[in-house]
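What follows is a short report on a single structure.
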Amino acid sequence: MLLTSPAFFSQGLFDDLPVGVVVLDRFDRIHYWNQTMAELTGITPHQAEGELIFRWFPELESVALNARIPFYRPDHPIVLRVHRRVVPQGQILTFQTDEPPSLDPKQADFVSLVSHELRTPLTSIKGFVDTLLRSRQQLSEEQQVHFLSIIKNQADRLTRLVEDLLVMSKMQSGSLRDVSEGIPIAQILERTLENLAQKVLGHTIVWQLAPNLPKVWADRDRLEQIFTNLLDNACKYSTVGSTVTISGQVVEGNFLTVAIADQGIGINPSAVSQIFERFCRIDREPTIDIATIGLGLYITKSLVESLGGQIEVESEAGVGSTFTVWLPINRP
Ligand code: ADP
């Protein structure tokens, strides 16, 4: 049965998916609109089918394959994350809400923020697993692999979130191990890069460590976590093929600074002050599609300060960012 044949969709297979599914014909006319899409937009399949998609989503005439686009519901405007897949008979679009938590993270109840962060990937995992269990026979192998890869990505996201929360709670309860000693910084940076091998693979790493750097007084695990977060971000927020520069020098006699500079998307000046806050979300161009949790820099800053150091950032949107960590050379 053809993927976009009416019979395929009339079976209601896609109605229970946790994402909105829309199928367009070659002339951008809506051929299928699932129930989730109706719940997201308030527009029923009956109203939508047969209409041009641009009637409700004019942005789709110009945006890339994956984008975030606004949708003005009568009750409140929402932002939808849309993925488009072009098939011989037209296009298959999936829509998901992409609303940042509306509460100020500083005042928000922490438990409700965490619940929100846990629920989003869990809902998605449950929906796709249900669909696979119920309708595996009717799905092509390609569709099954696609659903499984979404499940894996969401599970990875959950793992990262839980790991970040564990570090945070250990920091807050004072039970995070601290075995400080004199540590050669180059050794830690090299180990961190080895562990991140998959993620840094496509980037050129340039070393600019001053010769004969003294050791820093710090805990090995905390240092590794700090540089893992910064190097991971440097690669995540820049394009494959760009350069990440790691430089190190002694400053003011007592501190060693390590700067990690990328040539990535940068940060708007108005957002720079928020990035070290819990669950920080920055409004990005709709074409930038990166899954974020927003705990990495909060943890990084807390860890740096726990070692008696400081972290600062210089960034320019579209040019790149440099995060500089100041670490004490002597026991504080
Ligand atoms: P996450 O772990 O979800 O990426 P972080 O706390 O590490 O969150 O970062 C907070 C926000 O700061 C990110 O959502 C991103 O917008 C911004 N950010 C962090 N590092 C960089 C970077 N190197 N370049 C551009 N933006 C960055």
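Residue numbering restarts at 1 for every chain of the structure tokens, chains are lettered A, B, ... in their displayed order, and ligands are numbered from 1 as they appear.
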Would you mind listing what lies within 12 Å of Trp56 of chain A as an MDAnalysis selection string, with only C-alpha atoms counted and same-chain residues fewer than 5 positions away left out?
-> chainID A and resid 29:30 41:43 47:48 51 61 69:73
Restricted to C-alpha atoms, what would the selected residues look like written as a compact mmCIF listing (two decimals), in the first residue's frame?
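Dumped to out_18.txt:
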```txt
# COMPACT_ATOMS: atom_id res chain seq x y z
CA ARG A 29 -2.94 20.50 -0.56
CA ILE A 30 -3.73 18.80 2.76
CA THR A 41 -4.42 23.72 16.35
CA GLY A 42 -8.17 23.51 17.03
CA ILE A 43 -8.70 22.81 13.29
CA GLN A 47 -11.87 21.67 7.95
CA ALA A 48 -8.26 21.08 6.93
CA GLU A 51 -7.10 23.11 1.79
CA GLU A 61 6.49 28.55 1.84
CA ILE A 69 7.01 28.32 13.42
CA PRO A 70 4.39 30.35 15.30
CA PHE A 71 0.73 29.36 15.22
CA TYR A 72 -1.95 31.77 16.41
CA ARG A 73 -4.61 29.78 18.22
```
Could you please write out, as JSON, numbers by chain, every residue of segment 215-296 of chain A that DSSP assigns to strand (DSSP E or B)?
-> {"A": [216, 217, 218, 219, 243, 244, 245, 246, 247, 248, 249, 250, 251, 255, 256, 257, 258, 259, 260, 261]}
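The smallest atom-to-atom distance between Arg160 of chain A and any of A:Ile293, A:Ala317, A:Ile185, A:Leu113, using only C-alpha atoms, is found for A:Ile293.
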All residues within 9 Å of ligand 1 are required, counting only C-alpha atoms and all ligand atoms; please report them as an mmCIF file with N, CA, C and O atoms, in the first residue's frame.
```
data_model
loop_
_atom_site.group_PDB
_atom_site.id
_atom_site.type_symbol
_atom_site.label_atom_id
_atom_site.label_comp_id
_atom_site.auth_asym_id
_atom_site.auth_seq_id
_atom_site.Cartn_x
_atom_site.Cartn_y
_atom_site.Cartn_z
ATOM 1 N N ARG A 160 20.578 12.137 29.981
ATOM 2 C CA ARG A 160 21.376 13.345 30.247
ATOM 3 C C ARG A 160 20.734 14.197 31.340
ATOM 4 O O ARG A 160 21.402 14.697 32.235
ATOM 5 N N LEU A 161 19.424 14.294 31.251
ATOM 6 C CA LEU A 161 18.705 15.104 32.236
ATOM 7 C C LEU A 161 18.889 14.513 33.636
ATOM 8 O O LEU A 161 19.196 15.228 34.591
ATOM 9 N N ASP A 164 22.410 15.106 34.907
ATOM 10 C CA ASP A 164 22.575 16.504 35.332
ATOM 11 C C ASP A 164 21.909 16.743 36.683
ATOM 12 O O ASP A 164 22.461 17.407 37.558
ATOM 13 N N ASN A 229 31.225 19.778 29.504
ATOM 14 C CA ASN A 229 30.076 20.624 29.159
ATOM 15 C C ASN A 229 30.473 21.707 28.166
ATOM 16 O O ASN A 229 29.761 21.964 27.189
ATOM 17 N N LEU A 230 31.623 22.356 28.395
ATOM 18 C CA LEU A 230 31.998 23.480 27.529
ATOM 19 C C LEU A 230 32.384 23.013 26.120
ATOM 20 O O LEU A 230 31.996 23.629 25.124
ATOM 21 N N LEU A 231 33.130 21.898 26.045
ATOM 22 C CA LEU A 231 33.539 21.417 24.711
ATOM 23 C C LEU A 231 32.340 20.837 23.953
ATOM 24 O O LEU A 231 32.214 21.012 22.740
ATOM 25 N N ASP A 232 31.465 20.184 24.701
ATOM 26 C CA ASP A 232 30.249 19.635 24.080
ATOM 27 C C ASP A 232 29.424 20.774 23.478
ATOM 28 O O ASP A 232 28.996 20.720 22.326
ATOM 29 N N ASN A 233 29.226 21.845 24.256
ATOM 30 C CA ASN A 233 28.475 23.002 23.749
ATOM 31 C C ASN A 233 29.174 23.637 22.549
ATOM 32 O O ASN A 233 28.527 23.998 21.563
ATOM 33 N N ALA A 234 30.505 23.783 22.639
ATOM 34 C CA ALA A 234 31.254 24.441 21.553
ATOM 35 C C ALA A 234 30.997 23.707 20.236
ATOM 36 O O ALA A 234 30.842 24.332 19.176
ATOM 37 N N CYS A 235 30.925 22.368 20.299
ATOM 38 C CA CYS A 235 30.693 21.591 19.063
ATOM 39 C C CYS A 235 29.213 21.608 18.688
ATOM 40 O O CYS A 235 28.872 21.706 17.509
ATOM 41 N N LYS A 236 28.359 21.533 19.720
ATOM 42 C CA LYS A 236 26.907 21.454 19.462
ATOM 43 C C LYS A 236 26.384 22.733 18.806
ATOM 44 O O LYS A 236 25.521 22.686 17.947
ATOM 45 N N TYR A 237 26.922 23.877 19.230
ATOM 46 C CA TYR A 237 26.406 25.146 18.721
ATOM 47 C C TYR A 237 27.269 25.728 17.598
ATOM 48 O O TYR A 237 27.283 26.933 17.383
ATOM 49 N N SER A 238 28.052 24.879 16.920
ATOM 50 C CA SER A 238 28.805 25.358 15.749
ATOM 51 C C SER A 238 28.731 24.282 14.673
ATOM 52 O O SER A 238 28.383 23.139 14.960
ATOM 53 N N ILE A 260 37.774 28.334 25.855
ATOM 54 C CA ILE A 260 37.290 27.455 24.782
ATOM 55 C C ILE A 260 36.494 28.319 23.822
ATOM 56 O O ILE A 260 35.442 28.860 24.189
ATOM 57 N N ALA A 261 37.030 28.487 22.620
ATOM 58 C CA ALA A 261 36.424 29.424 21.661
ATOM 59 C C ALA A 261 35.878 28.654 20.463
ATOM 60 O O ALA A 261 36.568 27.807 19.895
ATOM 61 N N ASP A 262 34.623 28.934 20.116
ATOM 62 C CA ASP A 262 34.060 28.298 18.918
ATOM 63 C C ASP A 262 33.709 29.348 17.877
ATOM 64 O O ASP A 262 33.743 30.548 18.156
ATOM 65 N N GLN A 263 33.407 28.889 16.681
ATOM 66 C CA GLN A 263 33.003 29.799 15.592
ATOM 67 C C GLN A 263 31.530 29.548 15.259
ATOM 68 O O GLN A 263 31.149 29.485 14.108
ATOM 69 N N GLY A 264 30.736 29.386 16.320
ATOM 70 C CA GLY A 264 29.365 28.933 16.131
ATOM 71 C C GLY A 264 28.340 30.047 16.052
ATOM 72 O O GLY A 264 28.649 31.182 15.679
ATOM 73 N N ILE A 265 27.128 29.695 16.480
ATOM 74 C CA ILE A 265 25.992 30.604 16.294
ATOM 75 C C ILE A 265 26.019 31.782 17.248
ATOM 76 O O ILE A 265 25.328 32.770 17.047
ATOM 77 N N GLY A 266 26.818 31.687 18.325
ATOM 78 C CA GLY A 266 26.921 32.797 19.267
ATOM 79 C C GLY A 266 25.647 33.014 20.062
ATOM 80 O O GLY A 266 24.664 32.273 19.926
ATOM 81 N N ILE A 267 25.681 34.039 20.905
ATOM 82 C CA ILE A 267 24.553 34.314 21.805
ATOM 83 C C ILE A 267 24.266 35.812 21.728
ATOM 84 O O ILE A 267 25.199 36.631 21.777
ATOM 85 N N ASN A 268 22.993 36.174 21.639
ATOM 86 C CA ASN A 268 22.630 37.594 21.623
ATOM 87 C C ASN A 268 23.000 38.250 22.942
ATOM 88 O O ASN A 268 22.825 37.631 23.993
ATOM 89 N N ALA A 271 20.723 37.824 25.855
ATOM 90 C CA ALA A 271 20.519 36.493 26.446
ATOM 91 C C ALA A 271 21.712 36.040 27.279
ATOM 92 O O ALA A 271 21.601 35.085 28.051
ATOM 93 N N VAL A 272 22.854 36.746 27.127
ATOM 94 C CA VAL A 272 24.074 36.264 27.776
ATOM 95 C C VAL A 272 23.896 36.112 29.288
ATOM 96 O O VAL A 272 24.356 35.140 29.887
ATOM 97 N N GLN A 274 21.425 35.174 30.914
ATOM 98 C CA GLN A 274 20.552 34.061 31.348
ATOM 99 C C GLN A 274 21.210 32.691 31.250
ATOM 100 O O GLN A 274 20.718 31.736 31.819
ATOM 101 N N ILE A 275 22.297 32.594 30.496
ATOM 102 C CA ILE A 275 22.730 31.241 30.114
ATOM 103 C C ILE A 275 23.243 30.390 31.270
ATOM 104 O O ILE A 275 23.308 29.189 31.147
ATOM 105 N N PHE A 276 23.591 31.029 32.402
ATOM 106 C CA PHE A 276 24.068 30.236 33.539
ATOM 107 C C PHE A 276 22.929 29.895 34.504
ATOM 108 O O PHE A 276 23.164 29.351 35.571
ATOM 109 N N GLU A 277 21.692 30.222 34.104
ATOM 110 C CA GLU A 277 20.561 29.919 34.984
ATOM 111 C C GLU A 277 20.028 28.516 34.714
ATOM 112 O O GLU A 277 20.192 27.985 33.621
ATOM 113 N N ARG A 278 19.321 27.959 35.733
ATOM 114 C CA ARG A 278 18.733 26.622 35.576
ATOM 115 C C ARG A 278 17.697 26.614 34.466
ATOM 116 O O ARG A 278 16.891 27.525 34.370
ATOM 117 N N PHE A 279 17.689 25.568 33.653
ATOM 118 C CA PHE A 279 16.730 25.378 32.572
ATOM 119 C C PHE A 279 16.655 26.587 31.643
ATOM 120 O O PHE A 279 15.577 27.012 31.229
ATOM 121 N N CYS A 280 17.834 27.145 31.346
ATOM 122 C CA CYS A 280 17.877 28.310 30.453
ATOM 123 C C CYS A 280 17.450 27.896 29.045
ATOM 124 O O CYS A 280 17.874 26.869 28.521
ATOM 125 N N ARG A 281 16.568 28.662 28.453
ATOM 126 C CA ARG A 281 16.162 28.443 27.052
ATOM 127 C C ARG A 281 16.324 29.763 26.326
ATOM 128 O O ARG A 281 15.803 30.780 26.783
ATOM 129 N N ILE A 282 17.024 29.746 25.220
ATOM 130 C CA ILE A 282 17.191 30.986 24.468
ATOM 131 C C ILE A 282 16.367 30.887 23.201
ATOM 132 O O ILE A 282 16.414 29.870 22.503
ATOM 133 N N ASP A 283 15.618 31.951 22.911
ATOM 134 C CA ASP A 283 14.855 31.969 21.655
ATOM 135 C C ASP A 283 15.846 32.063 20.517
ATOM 136 O O ASP A 283 16.640 32.996 20.457
ATOM 137 N N ARG A 284 15.800 31.095 19.643
ATOM 138 C CA ARG A 284 16.739 31.079 18.521
ATOM 139 C C ARG A 284 15.974 31.315 17.224
ATOM 140 O O ARG A 284 14.758 31.221 17.185
ATOM 141 N N ILE A 290 18.269 22.599 17.810
ATOM 142 C CA ILE A 290 19.157 21.860 18.693
ATOM 143 C C ILE A 290 18.386 21.555 19.976
ATOM 144 O O ILE A 290 17.788 22.449 20.564
ATOM 145 N N ALA A 291 18.389 20.261 20.365
ATOM 146 C CA ALA A 291 17.677 19.904 21.590
ATOM 147 C C ALA A 291 18.485 20.384 22.794
ATOM 148 O O ALA A 291 19.656 20.059 22.921
ATOM 149 N N THR A 292 17.874 21.201 23.649
ATOM 150 C CA THR A 292 18.613 21.680 24.817
ATOM 151 C C THR A 292 17.833 21.360 26.087
ATOM 152 O O THR A 292 16.621 21.204 26.072
ATOM 153 N N ILE A 293 18.558 21.250 27.177
ATOM 154 C CA ILE A 293 17.938 21.035 28.478
ATOM 155 C C ILE A 293 18.158 22.275 29.348
ATOM 156 O O ILE A 293 17.276 22.708 30.071
ATOM 157 N N GLY A 294 19.360 22.842 29.242
ATOM 158 C CA GLY A 294 19.609 24.096 29.957
ATOM 159 C C GLY A 294 20.074 23.917 31.384
ATOM 160 O O GLY A 294 19.828 24.766 32.237
ATOM 161 N N LEU A 295 20.760 22.790 31.676
ATOM 162 C CA LEU A 295 21.343 22.631 33.011
ATOM 163 C C LEU A 295 22.863 22.651 32.960
ATOM 164 O O LEU A 295 23.528 22.867 33.967
ATOM 165 N N GLY A 296 23.423 22.406 31.760
ATOM 166 C CA GLY A 296 24.875 22.243 31.622
ATOM 167 C C GLY A 296 25.680 23.413 32.171
ATOM 168 O O GLY A 296 26.585 23.224 32.994
ATOM 169 N N LEU A 297 25.334 24.627 31.758
ATOM 170 C CA LEU A 297 26.139 25.782 32.182
ATOM 171 C C LEU A 297 25.873 26.154 33.639
ATOM 172 O O LEU A 297 26.746 26.670 34.328
ATOM 173 N N TYR A 298 24.653 25.873 34.103
ATOM 174 C CA TYR A 298 24.341 26.119 35.518
ATOM 175 C C TYR A 298 25.264 25.242 36.376
ATOM 176 O O TYR A 298 25.888 25.710 37.337
ATOM 177 N N ILE A 299 25.377 23.966 35.984
ATOM 178 C CA ILE A 299 26.239 23.033 36.719
ATOM 179 C C ILE A 299 27.703 23.446 36.576
ATOM 180 O O ILE A 299 28.469 23.460 37.534
ATOM 181 N N THR A 300 28.073 23.816 35.343
ATOM 182 C CA THR A 300 29.467 24.190 35.086
ATOM 183 C C THR A 300 29.877 25.363 35.983
ATOM 184 O O THR A 300 30.937 25.324 36.623
ATOM 185 N N SER A 315 30.619 36.653 23.634
ATOM 186 C CA SER A 315 29.955 36.018 22.510
ATOM 187 C C SER A 315 29.362 37.056 21.570
ATOM 188 O O SER A 315 28.971 38.140 21.993
ATOM 189 N N GLU A 316 29.326 36.689 20.299
ATOM 190 C CA GLU A 316 28.689 37.559 19.324
ATOM 191 C C GLU A 316 27.830 36.675 18.424
ATOM 192 O O GLU A 316 28.327 35.663 17.887
ATOM 193 N N ALA A 317 26.562 37.061 18.294
ATOM 194 C CA ALA A 317 25.654 36.238 17.490
ATOM 195 C C ALA A 317 26.190 36.101 16.072
ATOM 196 O O ALA A 317 26.602 37.086 15.456
ATOM 197 N N GLY A 320 30.549 33.648 17.103
ATOM 198 C CA GLY A 320 31.070 32.584 17.962
ATOM 199 C C GLY A 320 31.099 32.993 19.416
ATOM 200 O O GLY A 320 30.757 34.128 19.768
ATOM 201 N N SER A 321 31.500 32.038 20.263
ATOM 202 C CA SER A 321 31.518 32.275 21.712
ATOM 203 C C SER A 321 32.843 31.815 22.286
ATOM 204 O O SER A 321 33.426 30.837 21.807
ATOM 205 N N THR A 322 33.292 32.500 23.324
ATOM 206 C CA THR A 322 34.478 32.066 24.067
ATOM 207 C C THR A 322 34.112 31.994 25.544
ATOM 208 O O THR A 322 33.692 32.990 26.138
ATOM 209 N N PHE A 323 34.216 30.797 26.104
ATOM 210 C CA PHE A 323 33.997 30.612 27.544
ATOM 211 C C PHE A 323 35.365 30.499 28.200
ATOM 212 O O PHE A 323 36.188 29.679 27.798
#
```
May I have the residues within 10 Å of Asp98 of chain A as a PyMOL selection string, using only C-alpha atoms and disregarding those fewer than 5 positions away in the same chain?
-> chain A and resi 68-70+78-82
Got time to write the residues from that selection, N, CA and C atoms, as a PDB file, in the first residue's frame?
```pdb
ATOM      1  N   ARG A  68      11.035  25.980  13.581  1.00  0.00           N
ATOM      2  CA  ARG A  68      10.009  26.311  14.575  1.00  0.00           C
ATOM      3  C   ARG A  68       9.177  27.431  13.973  1.00  0.00           C
ATOM      4  N   ILE A  69       7.848  27.276  14.000  1.00  0.00           N
ATOM      5  CA  ILE A  69       7.012  28.321  13.423  1.00  0.00           C
ATOM      6  C   ILE A  69       5.879  28.670  14.392  1.00  0.00           C
ATOM      7  N   PRO A  70       5.468  29.956  14.386  1.00  0.00           N
ATOM      8  CA  PRO A  70       4.391  30.350  15.295  1.00  0.00           C
ATOM      9  C   PRO A  70       3.041  29.914  14.747  1.00  0.00           C
ATOM     10  N   ILE A  78       0.961  29.653  20.006  1.00  0.00           N
ATOM     11  CA  ILE A  78       1.918  28.599  20.371  1.00  0.00           C
ATOM     12  C   ILE A  78       3.025  28.566  19.328  1.00  0.00           C
ATOM     13  N   VAL A  79       4.124  27.884  19.684  1.00  0.00           N
ATOM     14  CA  VAL A  79       5.192  27.683  18.704  1.00  0.00           C
ATOM     15  C   VAL A  79       5.222  26.199  18.379  1.00  0.00           C
ATOM     16  N   LEU A  80       5.249  25.883  17.103  1.00  0.00           N
ATOM     17  CA  LEU A  80       5.273  24.478  16.701  1.00  0.00           C
ATOM     18  C   LEU A  80       6.613  24.159  16.051  1.00  0.00           C
ATOM     19  N   ARG A  81       7.139  22.986  16.395  1.00  0.00           N
ATOM     20  CA  ARG A  81       8.364  22.530  15.747  1.00  0.00           C
ATOM     21  C   ARG A  81       7.925  21.615  14.604  1.00  0.00           C
ATOM     22  N   VAL A  82       8.315  21.961  13.395  1.00  0.00           N
ATOM     23  CA  VAL A  82       7.847  21.164  12.257  1.00  0.00           C
ATOM     24  C   VAL A  82       9.026  20.458  11.577  1.00  0.00           C
TER      25      VAL A  82
END
```
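Among the candidates A:Glu224, A:Val251, A:Pro58, A:Thr239, the residue lying nearest to Val304 of chain A is A:Glu224 (atoms considered: only C-alpha atoms).
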Segment 170-241 of chain A: residues DSSP assigns to alpha helix (DSSP H), reported as a PyMOL selection string | chain A and resi 170-173+185-195+197-200+220-236
Would you save the residues of that selection, restricted to C-alpha atoms, as a short mmCIF file (atom, residue, chain, number, x, y, z; two decimals), in the first residue's frame?
```cif
data_model
loop_
_atom_site.label_atom_id
_atom_site.label_comp_id
_atom_site.auth_asym_id
_atom_site.auth_seq_id
_atom_site.Cartn_x
_atom_site.Cartn_y
_atom_site.Cartn_z
CA LYS A 170 24.92 16.14 45.04
CA MET A 171 26.26 19.68 44.78
CA GLN A 172 23.38 21.09 46.76
CA SER A 173 23.61 18.47 49.51
CA ILE A 185 45.39 20.85 32.92
CA ALA A 186 46.53 19.51 29.52
CA GLN A 187 46.04 15.95 30.78
CA ILE A 188 42.42 16.66 31.79
CA LEU A 189 41.65 18.43 28.50
CA GLU A 190 43.10 15.56 26.46
CA ARG A 191 41.08 12.99 28.43
CA THR A 192 37.91 15.02 28.02
CA LEU A 193 38.43 15.23 24.27
CA GLU A 194 39.02 11.47 24.11
CA ASN A 195 35.72 10.85 25.90
CA ALA A 197 35.59 11.74 20.45
CA GLN A 198 32.29 11.12 18.64
CA LYS A 199 31.05 14.65 19.19
CA VAL A 200 34.24 16.52 18.26
CA ARG A 220 39.80 15.76 38.66
CA ASP A 221 36.15 14.70 38.18
CA ARG A 222 34.83 18.23 38.58
CA LEU A 223 37.35 19.53 36.04
CA GLU A 224 36.36 16.83 33.57
CA GLN A 225 32.68 17.65 33.96
CA ILE A 226 33.37 21.39 33.45
CA PHE A 227 35.34 20.89 30.23
CA THR A 228 32.98 18.18 28.97
CA ASN A 229 30.08 20.62 29.16
CA LEU A 230 32.00 23.48 27.53
CA LEU A 231 33.54 21.42 24.71
CA ASP A 232 30.25 19.63 24.08
CA ASN A 233 28.48 23.00 23.75
CA ALA A 234 31.25 24.44 21.55
CA CYS A 235 30.69 21.59 19.06
CA LYS A 236 26.91 21.45 19.46
#
```
Selection near segment 305-310 of chain A, 7 Å with only C-alpha atoms, sequence-local residues under 2 positions removed, as a VMD selection string = chain A and resid 218 301 to 303 312 325 to 328 332
Kindly give the distance, in Å, that separates atom CA of Val21 of chain A and atom CA of Asn34 of chain A, rounded to a single decimal.
-> 5.5 Å
Pick out the residues sitting within 12 Å of Arg134 of chain A, and hand them over as a VMD selection string; count only C-alpha atoms, and ignore anything fewer than 4 positions along from it in its own chain.
-> chain A and resid 12 to 14 16 to 17 127 to 130 138 to 139
With all heavy atoms retained, could you export that selection as a JSON list (two decimals), in the first residue's frame?
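Below is the file part_23.json, written as the result:
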```json
[["chain", "number", "residue", "atom", "x", "y", "z"],
["A", 12, "GLY", "N", -6.70, 5.06, 10.66],
["A", 12, "GLY", "CA", -6.54, 5.78, 11.94],
["A", 12, "GLY", "C", -5.22, 5.46, 12.62],
["A", 12, "GLY", "O", -5.03, 5.72, 13.80],
["A", 13, "LEU", "N", -4.30, 4.87, 11.85],
["A", 13, "LEU", "CA", -3.01, 4.46, 12.42],
["A", 13, "LEU", "C", -2.27, 5.60, 13.10],
["A", 13, "LEU", "O", -1.61, 5.42, 14.10],
["A", 13, "LEU", "CB", -2.11, 3.99, 11.27],
["A", 13, "LEU", "CG", -2.00, 2.53, 11.01],
["A", 13, "LEU", "CD1", -0.98, 2.29, 9.92],
["A", 13, "LEU", "CD2", -1.57, 1.84, 12.29],
["A", 14, "PHE", "N", -2.36, 6.78, 12.52],
["A", 14, "PHE", "CA", -1.54, 7.89, 12.98],
["A", 14, "PHE", "C", -2.30, 8.81, 13.94],
["A", 14, "PHE", "O", -1.76, 9.80, 14.38],
["A", 14, "PHE", "CB", -1.03, 8.70, 11.77],
["A", 14, "PHE", "CG", -0.04, 7.92, 10.96],
["A", 14, "PHE", "CD1", -0.47, 7.11, 9.93],
["A", 14, "PHE", "CD2", 1.31, 7.98, 11.26],
["A", 14, "PHE", "CE1", 0.43, 6.36, 9.20],
["A", 14, "PHE", "CE2", 2.22, 7.23, 10.53],
["A", 14, "PHE", "CZ", 1.78, 6.42, 9.49],
["A", 16, "ASP", "N", -3.28, 8.29, 17.04],
["A", 16, "ASP", "CA", -2.88, 8.28, 18.45],
["A", 16, "ASP", "C", -1.44, 8.73, 18.66],
["A", 16, "ASP", "O", -0.97, 8.77, 19.78],
["A", 16, "ASP", "CB", -3.02, 6.87, 19.02],
["A", 16, "ASP", "CG", -4.46, 6.42, 18.97],
["A", 16, "ASP", "OD1", -5.32, 7.31, 19.01],
["A", 16, "ASP", "OD2", -4.70, 5.21, 18.86],
["A", 17, "LEU", "N", -0.74, 9.04, 17.59],
["A", 17, "LEU", "CA", 0.66, 9.45, 17.77],
["A", 17, "LEU", "C", 0.72, 10.74, 18.58],
["A", 17, "LEU", "O", -0.16, 11.59, 18.47],
["A", 17, "LEU", "CB", 1.32, 9.71, 16.41],
["A", 17, "LEU", "CG", 1.78, 8.50, 15.63],
["A", 17, "LEU", "CD1", 2.50, 8.95, 14.37],
["A", 17, "LEU", "CD2", 2.74, 7.66, 16.46],
["A", 127, "GLY", "N", 4.28, 7.13, 23.29],
["A", 127, "GLY", "CA", 3.45, 7.19, 22.08],
["A", 127, "GLY", "C", 4.03, 6.34, 20.96],
["A", 127, "GLY", "O", 3.31, 5.56, 20.32],
["A", 128, "PHE", "N", 5.34, 6.47, 20.75],
["A", 128, "PHE", "CA", 5.94, 5.72, 19.64],
["A", 128, "PHE", "C", 6.01, 4.22, 19.95],
["A", 128, "PHE", "O", 5.82, 3.40, 19.06],
["A", 128, "PHE", "CB", 7.33, 6.28, 19.30],
["A", 128, "PHE", "CG", 7.24, 7.56, 18.52],
["A", 128, "PHE", "CD1", 7.56, 8.79, 19.10],
["A", 128, "PHE", "CD2", 6.81, 7.56, 17.21],
["A", 128, "PHE", "CE1", 7.45, 9.97, 18.38],
["A", 128, "PHE", "CE2", 6.70, 8.74, 16.48],
["A", 128, "PHE", "CZ", 7.02, 9.95, 17.07],
["A", 129, "VAL", "N", 6.27, 3.87, 21.23],
["A", 129, "VAL", "CA", 6.29, 2.44, 21.58],
["A", 129, "VAL", "C", 4.89, 1.85, 21.40],
["A", 129, "VAL", "O", 4.73, 0.77, 20.83],
["A", 129, "VAL", "CB", 6.81, 2.24, 23.03],
["A", 129, "VAL", "CG1", 6.59, 0.80, 23.48],
["A", 129, "VAL", "CG2", 8.29, 2.58, 23.12],
["A", 130, "ASP", "N", 3.85, 2.55, 21.86],
["A", 130, "ASP", "CA", 2.47, 2.07, 21.69],
["A", 130, "ASP", "C", 2.19, 1.80, 20.21],
["A", 130, "ASP", "O", 1.63, 0.77, 19.84],
["A", 130, "ASP", "CB", 1.47, 3.13, 22.19],
["A", 130, "ASP", "CG", 1.32, 3.08, 23.70],
["A", 130, "ASP", "OD1", 1.83, 2.11, 24.30],
["A", 130, "ASP", "OD2", 0.74, 4.03, 24.26],
["A", 138, "GLN", "N", 1.73, -3.07, 9.99],
["A", 138, "GLN", "CA", 1.35, -2.15, 8.91],
["A", 138, "GLN", "C", 2.43, -1.13, 8.57],
["A", 138, "GLN", "O", 2.30, -0.41, 7.59],
["A", 138, "GLN", "CB", 0.07, -1.38, 9.27],
["A", 138, "GLN", "CG", -1.18, -2.23, 9.26],
["A", 138, "GLN", "CD", -1.59, -2.59, 10.68],
["A", 138, "GLN", "OE1", -0.75, -3.02, 11.47],
["A", 138, "GLN", "NE2", -2.84, -2.42, 11.00],
["A", 139, "LEU", "N", 3.46, -1.04, 9.40],
["A", 139, "LEU", "CA", 4.49, -0.01, 9.16],
["A", 139, "LEU", "C", 5.62, -0.60, 8.33],
["A", 139, "LEU", "O", 5.99, -1.77, 8.53],
["A", 139, "LEU", "CB", 5.05, 0.50, 10.49],
["A", 139, "LEU", "CG", 4.06, 1.24, 11.39],
["A", 139, "LEU", "CD1", 4.66, 1.47, 12.78],
["A", 139, "LEU", "CD2", 3.68, 2.58, 10.77]]
```
